[in-house]
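Student: Please read through the structure below; I'll follow up with questions.
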Amino acid sequence: MSVSVTVDDLAARLGGTEILHGVTFGVEPGEFVTLLGPSGSGKTTTLNVIAGFLPQTRGHIALGGERMDGVPAHSRNIGFVFQNYALFPHMTAGDNVDFPLRTRGVGKPERERRVAEALDLVGVGGMEKRRTSSLSGGQQQRVALARALVLQPRLLLLDKPLAALDKGLRESMQHELKRIQREVGITTIAVTHDQTEALTMSTRVAIMQDGRLEQIDVPEALYRRAATLFVARFLGEANLLPVDDAGMVAGLGLRVEGGPGTAVIRPEDLGVVECGSEGAGELVARVEEIDYQGVRYRLVCRSERGERMVVSVPPDPRGRPLDVAATVRIVVTQPEAVHVIAAESAPSAREAAVAQA
Amino acid sequence: MSRRELALDRTDDALVAAVGRWRHVFAGASVVTALFLLLPIVVILPIPFSEGEFLSWPPKGFSFRWYDRILTDPVWTGAFWMSVRIALFAAALATLAGASAALAMRRLPAGRASWLRTLFVAPVVLPYVVYALGLYNVFDALRVIGATWPIVVGQSVLAFPIVFVAVSAALASVGGGLTRAASSLGARWPVIVWRVELPMVRPNIAAAFIFAFAFCFDEVVVALFLAGPAAPTFPLQIFTSARESASPDIAAASGLVITVALVSFALSGALLRHASRKNKGLHA
């Protein structure tokens, strides 16, 4: 029953201000797409418009090719899990899951069976009679999920589904959500501001900023081939160096394709060597900070020209640690991983999404 | 929820610490204010237990004769049941209209809702005398002065804001999240009202009804204009008797009015406490 979703040039207002300025993307049937972005980037608004809680002012949404213009929320057959779960406090867990079935006028024996099945699916089987206030946060989350899935909706929307849980529970629920989503095979769009959560759960991640879609792609591609400077900075750490007309990366003596523009070099694609050994593609810098992160060291360096560079290196097997204030040469250890964002093109979200499709 | 409550407690502690020694002054001022408000009521309570023939302070001796009289004299009992009947109907009418208005307000665009809200609480600041005079003119033209239902209608309008404000506040704590959740689960608005919103604010509606009843029971202005001389309401009977005599039965009647008010207050308080326990900690 899962369908494709098309969001085309979507704009929406909240209290007179335009929050979304034309967002376009597509979701394949059965896919798990996460909208990721800083707060105020319009991701929850996008979700609310898809659910029918907020009218769009421009553009349209289609589920399985069927336009949703003017279709009220209660007729869209979309499951929605709210950040605070929005369980009905005057009903038991079972009655909460039963609510949509009763609303549809499903017969009692079938309702009881489907409620039990839904609770089983999300791992809280047998809790029909429990009061919602007696459930833990994780259990409430599962009941909310069962309630959203019990009508076998065409699409599942998750609004910051794990934000209210503590860290350990959040990680196990990430895998649970992924398992349930795969088991049901339902097209899912989630919203989060947690990068790890987005990268762990989703098949593709859409990065939003200021009511626009910056880029939508598989996690690896977002990290390796950022379409915009915002995406490069937003996901993980990045060293951004200018690339001149000749394709030379400033200070590194490295020639790259795709310039002029900005080279995105990830910390793990750099290395350091102690001063003295000369070579191409090197930058002299002073180590300012050293963070030990378990498997790697994260070095923050300042080049002679004043650029801040972050380098991630494995510990020296000989066990000789670097010193703060040491002078080093920064070398590109993975030149093929250097990605260039071209200066003149800087594709808009719309074009990027079209190119994707 | 528990985390939020903790944070709230800490704020209170901080407040107490910041106020410091001044809190004794504030406490003193609160006690004086409370006494000022309650003293006239406290003073009147022992008077009807007096043996004397007149309203006097301090009361002389002790007897139940005055209470006995107003509970048996048909003039007093007739007025009492008249007031109970009128207040019940007026409160029911106010509750139906007030709760419906509060529920409808959630479904209007913010701008229009704020206009209507102002209109709906307007009866609170309305000069009651002017309003009652207006009603009198209308009902007089309709030749229905002396009937009971004009009083019911008049009082229910005055009690309407009480219900409207109380139910609106309760609905605000239900939040839009539950309504959205219900509509995403396929529920249209009548189902949402009936199975989500009403059940959650039912105790608040009951409490608002009791408040409205207490208000209508001792309402005088509308009753004064619209009641026929043959069938006064209870507060009107007190008013008339006070002008004619200084007998302690007036004080006994006042004691009865106070009892009705206190019982209403206790009942609605218990309802609201029960409600907040039941819905604790789930909806944000």
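Quick note on naming: the chains in the structure tokens go A, B, ... in the order shown, residues restart at 1 in each chain, and ligands are numbered from 1 in order of appearance.
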When you look at segment 70-73 of chain B with a cut-off of 12 Å (counting only C-alpha atoms), what residues show up, excluding the ones that are within fewer than 6 positions of it in the same chain? I need them as an mmCIF file with N, CA, C and O atoms, in the first residue's frame.

Tutor:
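Listed below is the output, result-v3.cif:
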data_model
loop_
_atom_site.group_PDB
_atom_site.id
_atom_site.type_symbol
_atom_site.label_atom_id
_atom_site.label_comp_id
_atom_site.auth_asym_id
_atom_site.auth_seq_id
_atom_site.Cartn_x
_atom_site.Cartn_y
_atom_site.Cartn_z
ATOM 1 N N PRO B 48 -28.182 34.481 62.827
ATOM 2 C CA PRO B 48 -29.468 33.748 62.833
ATOM 3 C C PRO B 48 -29.592 32.742 63.971
ATOM 4 O O PRO B 48 -30.697 32.223 64.199
ATOM 5 N N PHE B 64 -32.382 27.684 67.018
ATOM 6 C CA PHE B 64 -32.507 27.403 65.596
ATOM 7 C C PHE B 64 -33.783 27.999 65.023
ATOM 8 O O PHE B 64 -34.167 27.699 63.916
ATOM 9 N N ALA B 79 -39.577 30.965 47.499
ATOM 10 C CA ALA B 79 -38.539 31.759 46.853
ATOM 11 C C ALA B 79 -37.290 30.911 46.614
ATOM 12 O O ALA B 79 -36.631 31.012 45.574
ATOM 13 N N PHE B 80 -36.976 30.038 47.592
ATOM 14 C CA PHE B 80 -35.783 29.212 47.473
ATOM 15 C C PHE B 80 -35.880 28.302 46.256
ATOM 16 O O PHE B 80 -34.980 28.266 45.410
ATOM 17 N N TRP B 81 -37.007 27.564 46.154
ATOM 18 C CA TRP B 81 -37.123 26.624 45.024
ATOM 19 C C TRP B 81 -37.248 27.344 43.693
ATOM 20 O O TRP B 81 -36.757 26.862 42.674
ATOM 21 N N PHE B 234 -35.026 33.976 45.601
ATOM 22 C CA PHE B 234 -34.571 33.959 46.992
ATOM 23 C C PHE B 234 -33.816 35.247 47.375
ATOM 24 O O PHE B 234 -34.156 35.880 48.380
ATOM 25 N N GLN B 237 -36.187 38.019 47.804
ATOM 26 C CA GLN B 237 -36.962 37.910 49.030
ATOM 27 C C GLN B 237 -36.167 38.477 50.208
ATOM 28 O O GLN B 237 -36.717 39.168 51.068
ATOM 29 N N ILE B 238 -34.833 38.194 50.208
ATOM 30 C CA ILE B 238 -33.973 38.760 51.256
ATOM 31 C C ILE B 238 -34.026 40.278 51.179
ATOM 32 O O ILE B 238 -34.212 40.978 52.183
ATOM 33 N N SER B 241 -37.426 41.629 52.345
ATOM 34 C CA SER B 241 -37.574 41.485 53.799
ATOM 35 C C SER B 241 -36.705 42.488 54.529
ATOM 36 O O SER B 241 -37.111 43.051 55.550
ATOM 37 N N SER B 247 -35.627 41.479 61.006
ATOM 38 C CA SER B 247 -35.714 40.189 61.672
ATOM 39 C C SER B 247 -34.522 39.315 61.307
ATOM 40 O O SER B 247 -34.032 39.360 60.174
ATOM 41 N N PRO B 248 -34.030 38.506 62.261
ATOM 42 C CA PRO B 248 -32.870 37.658 61.976
ATOM 43 C C PRO B 248 -33.130 36.607 60.900
ATOM 44 O O PRO B 248 -32.179 35.955 60.470
ATOM 45 N N ASP B 249 -34.366 36.437 60.426
ATOM 46 C CA ASP B 249 -34.555 35.439 59.362
ATOM 47 C C ASP B 249 -33.838 35.863 58.079
ATOM 48 O O ASP B 249 -33.453 35.022 57.275
ATOM 49 N N ILE B 250 -33.604 37.186 57.931
ATOM 50 C CA ILE B 250 -32.829 37.646 56.780
ATOM 51 C C ILE B 250 -31.414 37.080 56.855
ATOM 52 O O ILE B 250 -30.861 36.582 55.879
ATOM 53 N N ALA B 251 -30.868 37.138 58.082
ATOM 54 C CA ALA B 251 -29.516 36.606 58.267
ATOM 55 C C ALA B 251 -29.498 35.105 58.028
ATOM 56 O O ALA B 251 -28.558 34.566 57.443
ATOM 57 N N ALA B 252 -30.546 34.427 58.462
ATOM 58 C CA ALA B 252 -30.619 32.981 58.234
ATOM 59 C C ALA B 252 -30.650 32.690 56.744
ATOM 60 O O ALA B 252 -29.975 31.778 56.251
ATOM 61 N N ALA B 253 -31.429 33.511 56.000
ATOM 62 C CA ALA B 253 -31.493 33.333 54.549
ATOM 63 C C ALA B 253 -30.126 33.570 53.920
ATOM 64 O O ALA B 253 -29.691 32.828 53.036
ATOM 65 N N SER B 254 -29.425 34.600 54.420
ATOM 66 C CA SER B 254 -28.085 34.874 53.909
ATOM 67 C C SER B 254 -27.169 33.687 54.162
ATOM 68 O O SER B 254 -26.351 33.311 53.311
ATOM 69 N N GLY B 255 -27.318 33.110 55.366
ATOM 70 C CA GLY B 255 -26.521 31.923 55.694
ATOM 71 C C GLY B 255 -26.758 30.823 54.684
ATOM 72 O O GLY B 255 -25.825 30.146 54.245
ATOM 73 N N LEU B 256 -28.004 30.686 54.251
ATOM 74 C CA LEU B 256 -28.348 29.651 53.278
ATOM 75 C C LEU B 256 -27.686 29.933 51.922
ATOM 76 O O LEU B 256 -27.137 29.032 51.276
#

Student: For a quick test of understanding: name the residues of chain A lying within 9 Å of chain B when counting only C-alpha atoms, and present them as a ChimeraX atom specification.

Tutor: /A:51-53,72-82,84-90,99-101,103-104,132-133,147-148,151

Student: Using the selection just defined, write its residues with C-alpha atoms as a PDB file, in the first residue's frame.

Tutor:
ATOM      1  CA  ALA A  51      -0.185  15.852   6.360  1.00  0.00           C
ATOM      2  CA  GLY A  52      -2.776  18.505   5.485  1.00  0.00           C
ATOM      3  CA  PHE A  53      -2.516  20.418   8.773  1.00  0.00           C
ATOM      4  CA  PRO A  72      -8.505  17.531   4.331  1.00  0.00           C
ATOM      5  CA  ALA A  73      -6.130  15.833   6.775  1.00  0.00           C
ATOM      6  CA  HIS A  74      -8.724  13.267   7.825  1.00  0.00           C
ATOM      7  CA  SER A  75      -9.132  11.979   4.270  1.00  0.00           C
ATOM      8  CA  ARG A  76      -5.448  11.704   3.318  1.00  0.00           C
ATOM      9  CA  ASN A  77      -4.803   8.332   4.974  1.00  0.00           C
ATOM     10  CA  ILE A  78      -1.394   9.377   6.243  1.00  0.00           C
ATOM     11  CA  GLY A  79      -0.002   8.097   9.557  1.00  0.00           C
ATOM     12  CA  PHE A  80       1.574  10.809  11.687  1.00  0.00           C
ATOM     13  CA  VAL A  81       3.726  10.347  14.791  1.00  0.00           C
ATOM     14  CA  PHE A  82       4.062  13.541  16.783  1.00  0.00           C
ATOM     15  CA  ASN A  84       5.212  14.523  21.993  1.00  0.00           C
ATOM     16  CA  TYR A  85       3.276  11.431  20.750  1.00  0.00           C
ATOM     17  CA  ALA A  86      -0.114  13.176  21.262  1.00  0.00           C
ATOM     18  CA  LEU A  87      -1.645  10.055  22.807  1.00  0.00           C
ATOM     19  CA  PHE A  88      -5.177  10.625  24.102  1.00  0.00           C
ATOM     20  CA  PRO A  89      -4.661  10.735  27.871  1.00  0.00           C
ATOM     21  CA  HIS A  90      -8.245   9.772  28.695  1.00  0.00           C
ATOM     22  CA  PHE A  99      -9.528   5.119  17.831  1.00  0.00           C
ATOM     23  CA  PRO A 100      -8.853   5.238  14.064  1.00  0.00           C
ATOM     24  CA  LEU A 101     -10.502   1.819  13.570  1.00  0.00           C
ATOM     25  CA  THR A 103     -13.709   6.113  13.454  1.00  0.00           C
ATOM     26  CA  ARG A 104     -13.725   4.029  10.259  1.00  0.00           C
ATOM     27  CA  THR A 132      -1.054   5.892  28.711  1.00  0.00           C
ATOM     28  CA  SER A 133       0.277   7.828  31.705  1.00  0.00           C
ATOM     29  CA  ARG A 147      -1.832   3.993  16.312  1.00  0.00           C
ATOM     30  CA  ALA A 148      -0.369   5.670  13.225  1.00  0.00           C
ATOM     31  CA  LEU A 151      -5.070   1.839   9.380  1.00  0.00           C
TER      32      LEU A 151
END

Student: Taking the backbone alone, and naming residues the way the document does, which bits of segment 17-133 of chain B are alpha helix (DSSP H) by DSSP, as a PyMOL selection string?

Tutor: chain B and resi 17-19+22-44+65-72+74-105+110-125+128-133

Student: Grab the atom CA of Ile216 of chain A to atom CA of Ala164 of chain A distance for me, in Å with one decimal place.

Tutor: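 Going from atom CA of Ile216 of chain A over to atom CA of Ala164 of chain A covers 25.9 Å.
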